[in-house]
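Text of start.cif (mmCIF, C-alpha atoms) as supplied:
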data_coords
loop_
_atom_site.label_atom_id
_atom_site.label_comp_id
_atom_site.auth_asym_id
_atom_site.auth_seq_id
_atom_site.Cartn_x
_atom_site.Cartn_y
_atom_site.Cartn_z
CA MET Q 1 43.37 -5.08 -16.21
CA LYS Q 2 42.57 -1.91 -14.30
CA ALA Q 3 39.16 -1.57 -15.93
CA ARG Q 4 38.24 -5.00 -14.60
CA TYR Q 5 38.52 -3.82 -11.02
CA LEU Q 6 36.12 -1.00 -11.77
CA VAL Q 7 33.31 -3.41 -12.55
CA PRO Q 8 32.44 -4.25 -8.92
CA LEU Q 9 32.69 -0.56 -8.09
CA GLY Q 10 30.33 0.22 -10.97
CA ILE Q 11 27.84 -2.39 -9.77
CA PHE Q 12 28.12 -1.05 -6.25
CA VAL Q 13 27.46 2.53 -7.35
CA LEU Q 14 24.48 1.37 -9.43
CA LEU Q 15 23.10 -0.50 -6.41
CA VAL Q 16 23.56 2.54 -4.18
CA VAL Q 17 21.71 4.70 -6.69
CA PHE Q 18 18.77 2.27 -6.89
CA LEU Q 19 18.60 1.79 -3.13
CA GLY Q 20 18.84 5.54 -2.74
CA ILE Q 21 15.84 6.03 -5.02
CA GLY Q 22 14.02 3.29 -3.12
CA LEU Q 23 14.64 5.05 0.18
CA THR Q 24 13.23 8.35 -0.98
CA LEU Q 25 10.03 6.81 -2.34
CA ASN Q 26 7.05 6.68 -0.06
CA PRO Q 27 5.69 3.11 -0.01
CA ARG Q 28 2.32 4.49 1.08
CA ASP Q 29 2.05 6.45 -2.12
CA VAL Q 30 0.20 3.76 -3.97
CA PRO Q 31 -0.93 5.40 -7.21
CA SER Q 32 -4.65 5.91 -7.03
CA VAL Q 33 -6.64 4.31 -9.80
CA LEU Q 34 -9.39 6.80 -9.17
CA ILE Q 35 -7.61 9.89 -10.51
CA ASP Q 36 -9.67 11.41 -13.34
CA LYS Q 37 -12.48 8.96 -12.64
CA PRO Q 38 -15.94 9.93 -11.36
CA ALA Q 39 -15.92 10.36 -7.60
CA PRO Q 40 -17.79 7.49 -5.93
CA ARG Q 41 -21.17 8.45 -4.57
CA PHE Q 42 -21.89 8.06 -0.90
CA THR Q 43 -24.73 8.60 1.50
CA LEU Q 44 -23.65 8.64 5.11
CA PRO Q 45 -25.34 9.62 8.36
CA ASP Q 46 -24.49 13.17 9.40
CA LEU Q 47 -21.98 13.26 12.25
CA PHE Q 48 -23.86 16.08 13.94
CA ASP Q 49 -27.35 14.73 13.42
CA PRO Q 50 -27.80 10.98 12.87
CA ALA Q 51 -31.29 11.59 11.52
CA ARG Q 52 -29.86 13.43 8.51
CA THR Q 53 -27.52 12.25 5.80
CA VAL Q 54 -24.56 13.69 3.93
CA ASN Q 55 -24.55 12.92 0.20
CA ALA Q 56 -21.75 13.27 -2.29
CA ALA Q 57 -24.39 14.63 -4.67
CA ASP Q 58 -24.89 17.68 -2.41
CA PHE Q 59 -21.62 19.09 -3.74
CA ASP Q 60 -22.20 18.57 -7.44
CA GLY Q 61 -20.94 21.46 -9.53
CA GLU Q 62 -18.47 22.62 -6.91
CA VAL Q 63 -14.73 22.22 -6.49
CA TRP Q 64 -14.31 20.57 -3.13
CA LEU Q 65 -12.04 18.48 -0.95
CA LEU Q 66 -12.95 15.20 0.64
CA ASN Q 67 -10.95 14.59 3.79
CA VAL Q 68 -10.99 11.19 5.51
CA TRP Q 69 -10.11 11.45 9.18
CA GLY Q 70 -10.67 9.97 12.60
CA THR Q 71 -9.88 10.95 16.18
CA TRP Q 72 -7.74 7.79 16.44
CA CYS Q 73 -5.34 9.07 13.82
CA PRO Q 74 -2.48 11.26 15.14
CA GLU Q 75 -1.72 12.77 11.73
CA CYS Q 76 -5.32 14.00 11.53
CA TRP Q 77 -4.83 16.00 14.72
CA ARG Q 78 -1.66 17.46 13.30
CA GLU Q 79 -3.42 18.33 10.05
CA HIS Q 80 -6.47 19.82 11.74
CA GLY Q 81 -5.06 23.29 12.30
CA PHE Q 82 -4.15 23.61 8.67
CA LEU Q 83 -7.58 22.44 7.54
CA MET Q 84 -9.06 25.17 9.74
CA GLN Q 85 -6.84 27.69 8.02
CA LEU Q 86 -7.84 26.43 4.56
CA ALA Q 87 -11.54 26.59 5.38
CA ARG Q 88 -11.41 29.99 7.11
CA ASN Q 89 -8.82 31.96 5.21
CA GLU Q 90 -8.83 30.35 1.79
CA GLY Q 91 -12.51 29.55 1.56
CA VAL Q 92 -11.90 25.93 0.63
CA LYS Q 93 -14.93 23.68 0.82
CA ILE Q 94 -13.91 20.60 2.79
CA VAL Q 95 -16.23 17.66 3.31
CA GLY Q 96 -15.14 15.23 6.00
CA ILE Q 97 -15.69 11.54 6.38
CA ASP Q 98 -15.20 10.50 9.98
CA TRP Q 99 -13.92 6.97 9.59
CA ARG Q 100 -14.12 4.12 12.11
CA ASP Q 101 -14.66 6.57 14.90
CA GLU Q 102 -16.72 7.16 18.01
CA ARG Q 103 -19.33 9.81 17.42
CA ALA Q 104 -18.81 11.43 20.84
CA ALA Q 105 -15.03 11.59 20.43
CA ALA Q 106 -15.31 13.12 16.98
CA LEU Q 107 -17.82 15.73 18.12
CA GLU Q 108 -15.61 16.63 21.05
CA MET Q 109 -12.59 17.05 18.82
CA LEU Q 110 -14.47 19.38 16.47
CA ARG Q 111 -15.86 21.33 19.42
CA ASN Q 112 -12.43 21.86 20.97
CA GLU Q 113 -10.29 22.24 17.86
CA GLY Q 114 -12.80 23.93 15.57
CA ASN Q 115 -14.74 22.54 12.65
CA PRO Q 116 -13.24 23.08 9.19
CA PHE Q 117 -15.84 20.92 7.46
CA ALA Q 118 -18.85 22.02 5.45
CA ALA Q 119 -20.35 18.64 6.30
CA VAL Q 120 -19.14 15.45 7.96
CA GLY Q 121 -20.34 11.97 7.09
CA PHE Q 122 -20.01 9.35 9.78
CA ASP Q 123 -18.60 6.06 8.51
CA PRO Q 124 -17.84 3.64 11.35
CA GLU Q 125 -18.24 0.56 9.15
CA SER Q 126 -16.08 1.66 6.21
CA THR Q 127 -19.04 1.54 3.86
CA ALA Q 128 -18.15 4.65 1.89
CA ILE Q 129 -14.40 4.87 2.26
CA MET Q 130 -13.79 1.54 0.60
CA ASP Q 131 -15.35 2.85 -2.62
CA TRP Q 132 -12.79 5.64 -2.52
CA GLY Q 133 -9.89 3.22 -2.20
CA VAL Q 134 -8.92 4.73 1.14
CA TYR Q 135 -6.53 2.68 3.21
CA GLY Q 136 -5.32 5.09 5.81
CA ALA Q 137 -6.10 8.41 7.36
CA PRO Q 138 -5.78 11.22 6.69
CA GLU Q 139 -6.43 11.03 2.99
CA THR Q 140 -7.59 13.97 0.90
CA PHE Q 141 -9.22 14.00 -2.54
CA LEU Q 142 -9.90 16.96 -4.81
CA ILE Q 143 -13.11 16.77 -6.82
CA ASP Q 144 -13.84 19.04 -9.77
CA ARG Q 145 -17.12 20.58 -10.94
CA ALA Q 146 -17.84 17.63 -13.20
CA GLY Q 147 -17.60 15.29 -10.21
CA ASN Q 148 -14.25 13.72 -11.13
CA ILE Q 149 -11.41 13.08 -8.72
CA ARG Q 150 -8.46 15.16 -9.87
CA TRP Q 151 -5.91 14.83 -7.11
CA LYS Q 152 -5.27 12.71 -4.07
CA HIS Q 153 -2.93 12.89 -1.15
CA THR Q 154 -2.20 10.25 1.47
CA GLY Q 155 -1.07 11.76 4.75
CA ALA Q 156 -1.47 15.19 6.29
CA LEU Q 157 -1.91 18.26 4.11
CA THR Q 158 0.90 20.77 4.54
CA PRO Q 159 1.30 24.42 3.60
CA LYS Q 160 3.97 23.35 1.10
CA LEU Q 161 1.61 20.91 -0.64
CA TRP Q 162 -1.09 23.54 -0.68
CA ARG Q 163 1.18 26.16 -2.21
CA GLU Q 164 2.83 23.92 -4.76
CA GLU Q 165 0.10 21.54 -5.87
CA LEU Q 166 -3.34 22.00 -4.46
CA GLN Q 167 -3.83 25.75 -4.71
CA PRO Q 168 -2.77 26.10 -8.38
CA LEU Q 169 -4.87 23.09 -9.36
CA MET Q 170 -7.94 24.31 -7.48
CA ALA Q 171 -7.63 27.74 -9.02
CA LYS Q 172 -7.51 26.18 -12.47
CA LEU Q 173 -10.48 23.89 -11.79
CA LYS Q 174 -12.59 26.73 -10.40
CA GLU Q 175 -12.29 28.57 -13.70
CA GLN Q 176 -13.79 25.66 -15.59
CA SER Q 177 -17.52 25.51 -16.03
CA PRO Q 178 -19.19 22.28 -14.98
CA MET B 1 15.72 -25.07 28.10
CA ARG B 2 15.60 -25.60 24.39
CA HIS B 3 12.27 -27.37 24.73
CA LEU B 4 10.93 -24.53 26.79
CA VAL B 5 11.90 -21.99 24.15
CA LEU B 6 10.35 -24.17 21.46
CA LEU B 7 7.18 -24.54 23.47
CA LEU B 8 6.93 -20.79 24.04
CA THR B 9 7.52 -20.01 20.38
CA LEU B 10 4.89 -22.49 19.31
CA SER B 11 2.34 -21.19 21.77
CA LEU B 12 3.00 -17.68 20.47
CA SER B 13 2.33 -18.78 16.93
CA VAL B 14 -0.96 -20.27 18.09
CA LEU B 15 -1.82 -16.92 19.66
CA ALA B 16 -1.09 -15.17 16.38
CA VAL B 17 -3.48 -17.47 14.56
CA GLU B 18 -6.15 -16.96 17.20
CA ALA B 19 -5.82 -13.21 16.85
CA ARG B 20 -7.88 -13.24 13.69
CA VAL B 21 -11.14 -12.52 15.43
CA GLU B 22 -13.96 -12.95 13.03
CA ALA B 23 -14.84 -16.36 11.66
CA TYR B 24 -17.14 -16.36 8.71
CA HIS B 25 -19.53 -19.18 8.21
CA PHE B 26 -20.25 -20.54 4.76
CA ASP B 27 -22.92 -23.10 4.00
CA ASP B 28 -21.10 -24.04 0.84
CA PRO B 29 -17.57 -25.47 1.26
CA VAL B 30 -16.69 -24.38 -2.27
CA GLN B 31 -17.45 -20.78 -1.36
CA GLU B 32 -15.41 -21.13 1.80
CA ALA B 33 -12.44 -22.41 -0.20
CA ARG B 34 -12.79 -19.51 -2.61
CA TYR B 35 -12.99 -17.03 0.23
CA LYS B 36 -9.79 -18.46 1.71
CA GLN B 37 -8.05 -18.33 -1.66
CA LEU B 38 -9.09 -14.72 -2.18
CA ILE B 39 -7.92 -13.43 1.19
CA ASP B 40 -4.64 -15.25 0.56
CA GLU B 41 -4.10 -13.46 -2.73
CA LEU B 42 -5.27 -9.99 -1.82
CA ARG B 43 -2.85 -7.61 -0.19
CA CYS B 44 -3.58 -5.59 2.88
CA LEU B 45 -2.71 -2.00 1.97
CA VAL B 46 -1.99 -0.84 5.48
CA CYS B 47 0.64 -3.44 6.31
CA GLN B 48 1.91 -3.79 2.80
CA ASN B 49 3.73 -7.06 3.12
CA GLN B 50 0.84 -9.06 4.45
CA ASN B 51 -2.15 -10.52 2.74
CA LEU B 52 -5.69 -10.07 3.97
CA ALA B 53 -5.66 -13.44 5.68
CA ASP B 54 -2.67 -12.58 7.86
CA SER B 55 -3.42 -8.99 8.67
CA ASN B 56 -5.20 -7.68 11.71
CA ALA B 57 -5.38 -4.14 10.45
CA GLU B 58 -8.87 -2.72 10.61
CA LEU B 59 -8.92 -2.12 6.90
CA ALA B 60 -8.05 -5.78 6.33
CA GLN B 61 -10.99 -6.75 8.53
CA ASP B 62 -13.25 -4.56 6.44
CA MET B 63 -11.85 -5.99 3.23
CA ARG B 64 -12.36 -9.53 4.51
CA ARG B 65 -15.92 -8.71 5.44
CA LEU B 66 -16.52 -7.33 1.99
CA THR B 67 -14.93 -10.37 0.38
CA TYR B 68 -17.14 -12.59 2.53
CA GLU B 69 -20.26 -10.68 1.59
CA MET B 70 -19.44 -10.78 -2.10
CA VAL B 71 -18.52 -14.47 -2.13
CA SER B 72 -21.58 -15.52 -0.15
CA LYS B 73 -23.73 -13.55 -2.56
CA GLY B 74 -22.28 -15.62 -5.35
CA ALA B 75 -19.66 -13.28 -6.87
CA SER B 76 -16.90 -15.02 -8.78
CA ASN B 77 -13.24 -14.72 -7.78
CA GLU B 78 -12.66 -12.44 -10.77
CA GLU B 79 -15.52 -10.18 -9.73
CA VAL B 80 -14.12 -9.77 -6.22
CA ALA B 81 -10.61 -9.14 -7.55
CA MET B 82 -11.98 -6.63 -10.09
CA PHE B 83 -13.91 -4.84 -7.36
CA MET B 84 -10.74 -4.46 -5.28
CA VAL B 85 -8.58 -3.45 -8.27
CA GLU B 86 -11.08 -0.77 -9.31
CA ARG B 87 -10.63 0.81 -5.90
CA TYR B 88 -7.10 0.00 -4.83
CA GLY B 89 -5.29 -0.70 -8.10
CA ASP B 90 -3.18 -3.67 -9.16
CA PHE B 91 -1.19 -3.20 -6.00
CA VAL B 92 -3.90 -5.05 -4.08
CA LEU B 93 -3.17 -8.24 -6.00
CA TYR B 94 -0.27 -10.41 -4.96
CA ARG B 95 -0.34 -11.75 -8.50
CA PRO B 96 -0.60 -8.60 -10.62
CA PRO B 97 -1.65 -8.99 -14.27
CA PHE B 98 0.98 -8.72 -16.98
CA LYS B 99 0.95 -5.29 -18.60
CA THR B 100 3.43 -2.54 -19.47
CA SER B 101 3.57 -1.13 -15.96
CA THR B 102 4.19 -4.55 -14.43
CA ALA B 103 6.36 -6.01 -17.20
CA MET B 104 9.63 -5.40 -15.33
CA LEU B 105 8.17 -7.10 -12.29
CA TRP B 106 7.50 -10.26 -14.25
CA ILE B 107 10.47 -10.29 -16.65
CA GLY B 108 13.07 -8.63 -14.41
CA PRO B 109 14.16 -11.78 -12.54
CA PHE B 110 14.58 -13.68 -15.81
CA ILE B 111 16.71 -10.87 -17.27
CA ILE B 112 18.93 -10.98 -14.20
CA LEU B 113 19.13 -14.78 -14.47
CA ALA B 114 20.07 -14.55 -18.17
CA VAL B 115 22.79 -11.99 -17.42
CA GLY B 116 24.11 -14.25 -14.66
CA VAL B 117 24.21 -17.30 -16.93
CA LEU B 118 25.89 -15.27 -19.67
CA VAL B 119 28.60 -14.01 -17.33
CA LEU B 120 29.12 -17.53 -16.01
CA VAL B 121 29.44 -19.03 -19.49
CA MET B 122 31.87 -16.31 -20.55
CA PHE B 123 33.91 -16.87 -17.41
CA ILE B 124 34.05 -20.65 -17.88
CA ARG B 125 34.96 -20.36 -21.59
CA LYS B 126 37.75 -17.97 -20.77
CA ARG B 127 39.13 -20.22 -18.06
CA ALA B 128 38.93 -23.28 -20.31
CA GLY B 129 41.06 -21.53 -22.96
CA GLU B 130 43.80 -20.60 -20.51
CA PRO B 131 46.71 -23.04 -20.13
CA SER B 132 47.23 -24.19 -16.57
CA PRO B 133 50.21 -22.44 -15.04
CA ALA B 134 53.50 -24.25 -15.30
CA LEU B 135 54.97 -25.53 -12.05
CA ASP B 136 58.61 -25.27 -11.30
CA THR B 137 60.55 -27.89 -9.32
CA GLN B 138 59.99 -26.05 -6.08
CA ASP B 139 56.22 -26.21 -6.52
CA HIS B 140 56.39 -29.90 -7.41
CA GLU B 141 58.32 -30.65 -4.27
CA ARG B 142 55.86 -28.68 -2.14
CA ALA B 143 52.91 -30.47 -3.71
CA LYS B 144 54.53 -33.84 -3.07
CA ARG B 145 55.21 -32.91 0.55
CA LEU B 146 51.63 -31.92 1.05
CA LEU B 147 50.31 -35.08 -0.57
CA ASP B 148 52.58 -37.27 1.51
CA ASP B 149 51.58 -35.41 4.59
CA LYS B 150 47.94 -36.11 3.89
CA GLY B 151 48.63 -39.81 3.25
CA ARG B 152 49.98 -40.27 6.74
#
Mind converting the file's structure to structure tokens?
Amino acid sequence: MKARYLVPLGIFVLLVVFLGIGLTLNPRDVPSVLIDKPAPRFTLPDLFDPARTVNAADFDGEVWLLNVWGTWCPECWREHGFLMQLARNEGVKIVGIDWRDERAAALEMLRNEGNPFAAVGFDPESTAIMDWGVYGAPETFLIDRAGNIRWKHTGALTPKLWREELQPLMAKLKEQSP
Amino acid sequence: MRHLVLLLTLSLSVLAVEARVEAYHFDDPVQEARYKQLIDELRCLVCQNQNLADSNAELAQDMRRLTYEMVSKGASNEEVAMFMVERYGDFVLYRPPFKTSTAMLWIGPFIILAVGVLVLVMFIRKRAGEPSPALDTQDHERAKRLLDDKGR
């Protein structure tokens, strides 16, 4: 008889556990289908000089980060300082795609906050970012020497992520020959 | 007052419909129908519980534009869906295909239903086997009183 009363309690505990797991998951963390697939090619006008273009092919054979950002995105501002640190102190090659942005606003932001990017493609019409399955900013991809996407993060990069995931992976990828 | 509230609510819903800015023109009504079906079945990834048709997110606008371009160029529904899945994964489909990673999604509700039916059947069987409790004179009298009371 006693055991019978434990059934609802058991169900309740089970429900709490499942809901608890649900709460800690990030709904924005949609698994990327592009991991371990060839990085999509893009050719975008250069943010600094509309007459020139930025091509994904320019970085073939390197280990690099693609960072999608925009001045309209608050998280990108928060992330910016850390990107500067990565580019300056850690020597990370970061290529930016300035997404759905105003050229003047983007240039002003980079002038005032510093420019962590080796190159910035300007993509106001979402022509390139859609190939990368981007649906928010900031989003960061890691591309290996063979031109495959190896890692992706939705949201701002943090020192913790860098220490625990990105840095070890980049170090490993840099050792590989293309 | 009630009418006023109703009127306001209705006018708001009209506003919401009007908020979808771009209207794409198709020469072929079949293509238009396919476009509408596609944006109904594709999920906007920014506002995850809306489809492309309902969402005003900028990404949804871009995805609608892309869908429009592909459909008007003669791409089949499968081609458009494939294109989106290659980039955004099965998550972009409101009707994901059946495979190991989505099996629970499809079968789960039926498992829960089966468990429910099983518990119900067990419960009913058990009750059917039990004799109804005997009533003593006191209970009989109380029941009679209640029945009489109701008759009046």
On this structure, the PyMOL selection byres ((chain B and resi 89-100) around 10) would catch which residues? List them as a PDB file with C-alpha atoms, keeping the file's coordinate frame, sorted by chain and number.
ATOM      1  CA  VAL Q  30       0.200   3.760  -3.970  1.00  0.00           C
ATOM      2  CA  PRO Q  31      -0.930   5.400  -7.210  1.00  0.00           C
ATOM      3  CA  SER Q  32      -4.650   5.910  -7.030  1.00  0.00           C
ATOM      4  CA  VAL Q  33      -6.640   4.310  -9.800  1.00  0.00           C
ATOM      5  CA  LEU Q  34      -9.390   6.800  -9.170  1.00  0.00           C
ATOM      6  CA  GLY Q 133      -9.890   3.220  -2.200  1.00  0.00           C
TER       7      GLY Q 133
ATOM      8  CA  LEU B  38      -9.090 -14.720  -2.180  1.00  0.00           C
ATOM      9  CA  ASP B  40      -4.640 -15.250   0.560  1.00  0.00           C
ATOM     10  CA  GLU B  41      -4.100 -13.460  -2.730  1.00  0.00           C
ATOM     11  CA  LEU B  42      -5.270  -9.990  -1.820  1.00  0.00           C
ATOM     12  CA  ARG B  43      -2.850  -7.610  -0.190  1.00  0.00           C
ATOM     13  CA  CYS B  44      -3.580  -5.590   2.880  1.00  0.00           C
ATOM     14  CA  LEU B  45      -2.710  -2.000   1.970  1.00  0.00           C
ATOM     15  CA  GLN B  48       1.910  -3.790   2.800  1.00  0.00           C
ATOM     16  CA  ASN B  49       3.730  -7.060   3.120  1.00  0.00           C
ATOM     17  CA  GLN B  50       0.840  -9.060   4.450  1.00  0.00           C
ATOM     18  CA  ASN B  51      -2.150 -10.520   2.740  1.00  0.00           C
ATOM     19  CA  LEU B  52      -5.690 -10.070   3.970  1.00  0.00           C
ATOM     20  CA  ALA B  81     -10.610  -9.140  -7.550  1.00  0.00           C
ATOM     21  CA  MET B  82     -11.980  -6.630 -10.090  1.00  0.00           C
ATOM     22  CA  PHE B  83     -13.910  -4.840  -7.360  1.00  0.00           C
ATOM     23  CA  MET B  84     -10.740  -4.460  -5.280  1.00  0.00           C
ATOM     24  CA  VAL B  85      -8.580  -3.450  -8.270  1.00  0.00           C
ATOM     25  CA  GLU B  86     -11.080  -0.770  -9.310  1.00  0.00           C
ATOM     26  CA  ARG B  87     -10.630   0.810  -5.900  1.00  0.00           C
ATOM     27  CA  TYR B  88      -7.100   0.000  -4.830  1.00  0.00           C
ATOM     28  CA  SER B 101       3.570  -1.130 -15.960  1.00  0.00           C
ATOM     29  CA  THR B 102       4.190  -4.550 -14.430  1.00  0.00           C
ATOM     30  CA  ALA B 103       6.360  -6.010 -17.200  1.00  0.00           C
ATOM     31  CA  MET B 104       9.630  -5.400 -15.330  1.00  0.00           C
ATOM     32  CA  LEU B 105       8.170  -7.100 -12.290  1.00  0.00           C
ATOM     33  CA  TRP B 106       7.500 -10.260 -14.250  1.00  0.00           C
ATOM     34  CA  ILE B 107      10.470 -10.290 -16.650  1.00  0.00           C
TER      35      ILE B 107
END
What are the closest atom pairs, with distances in Å to one decimal, for each residue of chain Q lying within 10 Å of chain B, using all atoms listed in the file, rows by chain and rising residue number, as a tab-separated table?
residue	atom	partner	partner_atom	distance
Q:Pro27	CA	B:Gln48	CA	8.4
Q:Arg28	CA	B:Val46	CA	8.1
Q:Val30	CA	B:Phe91	CA	7.4
Q:Pro31	CA	B:Gly89	CA	7.6
Q:Ser32	CA	B:Gly89	CA	6.7
Q:Val33	CA	B:Gly89	CA	5.5
Q:Leu34	CA	B:Arg87	CA	6.9
Q:Pro40	CA	B:Arg87	CA	9.8
Q:Arg100	CA	B:Glu58	CA	8.8
Q:Glu125	CA	B:Asp62	CA	7.6
Q:Ser126	CA	B:Asp62	CA	6.8
Q:Thr127	CA	B:Asp62	CA	8.8
Q:Ile129	CA	B:Arg87	CA	9.9
Q:Met130	CA	B:Arg87	CA	7.3
Q:Asp131	CA	B:Arg87	CA	6.1
Q:Trp132	CA	B:Arg87	CA	6.3
Q:Gly133	CA	B:Arg87	CA	4.5
Q:Val134	CA	B:Tyr88	CA	7.8
Q:Tyr135	CA	B:Leu45	CA	6.2
Q:Gly136	CA	B:Val46	CA	6.8
Report task. For Trp64 (chain Q), please output as a PyMOL selection string all residues within 9 Å (counting all atoms listed in the file; exclusion window: fewer than 5 positions along the same chain). Result -> chain Q and resi 59+92-95+141-145+170
Query - Length of the CA of Pro116 (chain Q) to CA of Asn89 (chain Q) vector [Å] - result: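 CA of Asn89 (chain Q) lies at a distance of 10.7 Å from CA of Pro116 (chain Q).
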Query raised in the report: If we count only C-alpha atoms, what is near Phe48 (chain Q) at a cut-off of 12 Å, once residues fewer than 5 positions away on the same chain are taken out, given as a ChimeraX atom specification?
Result: /Q:53-54,96,98,103-108,110-111,115,117-122
Requested in this report: Could you tell me how far CA of Thr43 (chain Q) lies from CA of Ala56 (chain Q), in Å and to one decimal?
Outcome: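 Computing the Euclidean distance for CA of Thr43 (chain Q) and CA of Ala56 (chain Q) yields 6.7 Å.
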Report task. May I ask for the distance between CA of Lys37 (chain Q) and CA of Glu139 (chain Q), given in Å to one decimal place? Result ->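 These two atoms are separated by 16.9 Å.
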Query raised in the report: If the PyMOL selection byres ((chain Q and resi 171) around 12) is run on the structure shown, which residues does it catch, given as a ChimeraX atom specification?
Result: /Q:63-64,90-92,142,144,162-170,172-176
Complete region 63-76 of chain Q with N, CA, C and O atoms (output as an mmCIF file, in the frame of the given file).
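Once everything was written out, this is out-v5.cif:
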data_model
loop_
_atom_site.group_PDB
_atom_site.id
_atom_site.type_symbol
_atom_site.label_atom_id
_atom_site.label_comp_id
_atom_site.auth_asym_id
_atom_site.auth_seq_id
_atom_site.Cartn_x
_atom_site.Cartn_y
_atom_site.Cartn_z
ATOM 1 N N VAL Q 63 -16.066 22.772 -6.656
ATOM 2 C CA VAL Q 63 -14.730 22.220 -6.490
ATOM 3 C C VAL Q 63 -14.531 22.034 -4.999
ATOM 4 O O VAL Q 63 -14.581 22.991 -4.237
ATOM 5 N N TRP Q 64 -14.364 20.822 -4.574
ATOM 6 C CA TRP Q 64 -14.310 20.570 -3.130
ATOM 7 C C TRP Q 64 -13.293 19.502 -2.749
ATOM 8 O O TRP Q 64 -12.820 18.749 -3.598
ATOM 9 N N LEU Q 65 -12.971 19.490 -1.464
ATOM 10 C CA LEU Q 65 -12.040 18.480 -0.950
ATOM 11 C C LEU Q 65 -12.795 17.474 -0.116
ATOM 12 O O LEU Q 65 -13.685 17.840 0.645
ATOM 13 N N LEU Q 66 -12.442 16.218 -0.267
ATOM 14 C CA LEU Q 66 -12.950 15.200 0.640
ATOM 15 C C LEU Q 66 -11.788 14.794 1.537
ATOM 16 O O LEU Q 66 -10.723 14.417 1.054
ATOM 17 N N ASN Q 67 -12.008 14.916 2.832
ATOM 18 C CA ASN Q 67 -10.950 14.590 3.790
ATOM 19 C C ASN Q 67 -11.423 13.442 4.688
ATOM 20 O O ASN Q 67 -12.441 13.540 5.359
ATOM 21 N N VAL Q 68 -10.661 12.342 4.656
ATOM 22 C CA VAL Q 68 -10.990 11.190 5.510
ATOM 23 C C VAL Q 68 -10.163 11.298 6.778
ATOM 24 O O VAL Q 68 -8.941 11.417 6.718
ATOM 25 N N TRP Q 69 -10.840 11.271 7.914
ATOM 26 C CA TRP Q 69 -10.110 11.450 9.180
ATOM 27 C C TRP Q 69 -10.761 10.618 10.273
ATOM 28 O O TRP Q 69 -11.778 9.960 10.081
ATOM 29 N N GLY Q 70 -10.130 10.645 11.434
ATOM 30 C CA GLY Q 70 -10.670 9.970 12.600
ATOM 31 C C GLY Q 70 -9.923 10.466 13.822
ATOM 32 O O GLY Q 70 -8.766 10.879 13.701
ATOM 33 N N THR Q 71 -10.561 10.428 14.973
ATOM 34 C CA THR Q 71 -9.880 10.950 16.180
ATOM 35 C C THR Q 71 -8.752 10.009 16.603
ATOM 36 O O THR Q 71 -7.885 10.382 17.374
ATOM 37 N N TRP Q 72 -8.777 8.778 16.073
ATOM 38 C CA TRP Q 72 -7.740 7.790 16.440
ATOM 39 C C TRP Q 72 -6.454 8.006 15.659
ATOM 40 O O TRP Q 72 -5.458 7.320 15.891
ATOM 41 N N CYS Q 73 -6.476 8.937 14.731
ATOM 42 C CA CYS Q 73 -5.340 9.070 13.820
ATOM 43 C C CYS Q 73 -4.534 10.316 14.176
ATOM 44 O O CYS Q 73 -5.013 11.437 14.078
ATOM 45 N N PRO Q 74 -3.301 10.131 14.664
ATOM 46 C CA PRO Q 74 -2.480 11.260 15.140
ATOM 47 C C PRO Q 74 -2.217 12.296 14.050
ATOM 48 O O PRO Q 74 -2.223 13.502 14.324
ATOM 49 N N GLU Q 75 -1.996 11.830 12.830
ATOM 50 C CA GLU Q 75 -1.720 12.770 11.730
ATOM 51 C C GLU Q 75 -2.910 13.700 11.485
ATOM 52 O O GLU Q 75 -2.751 14.820 11.022
ATOM 53 N N CYS Q 76 -4.123 13.178 11.756
ATOM 54 C CA CYS Q 76 -5.320 14.000 11.530
ATOM 55 C C CYS Q 76 -5.351 15.177 12.509
ATOM 56 O O CYS Q 76 -5.758 16.277 12.159
#
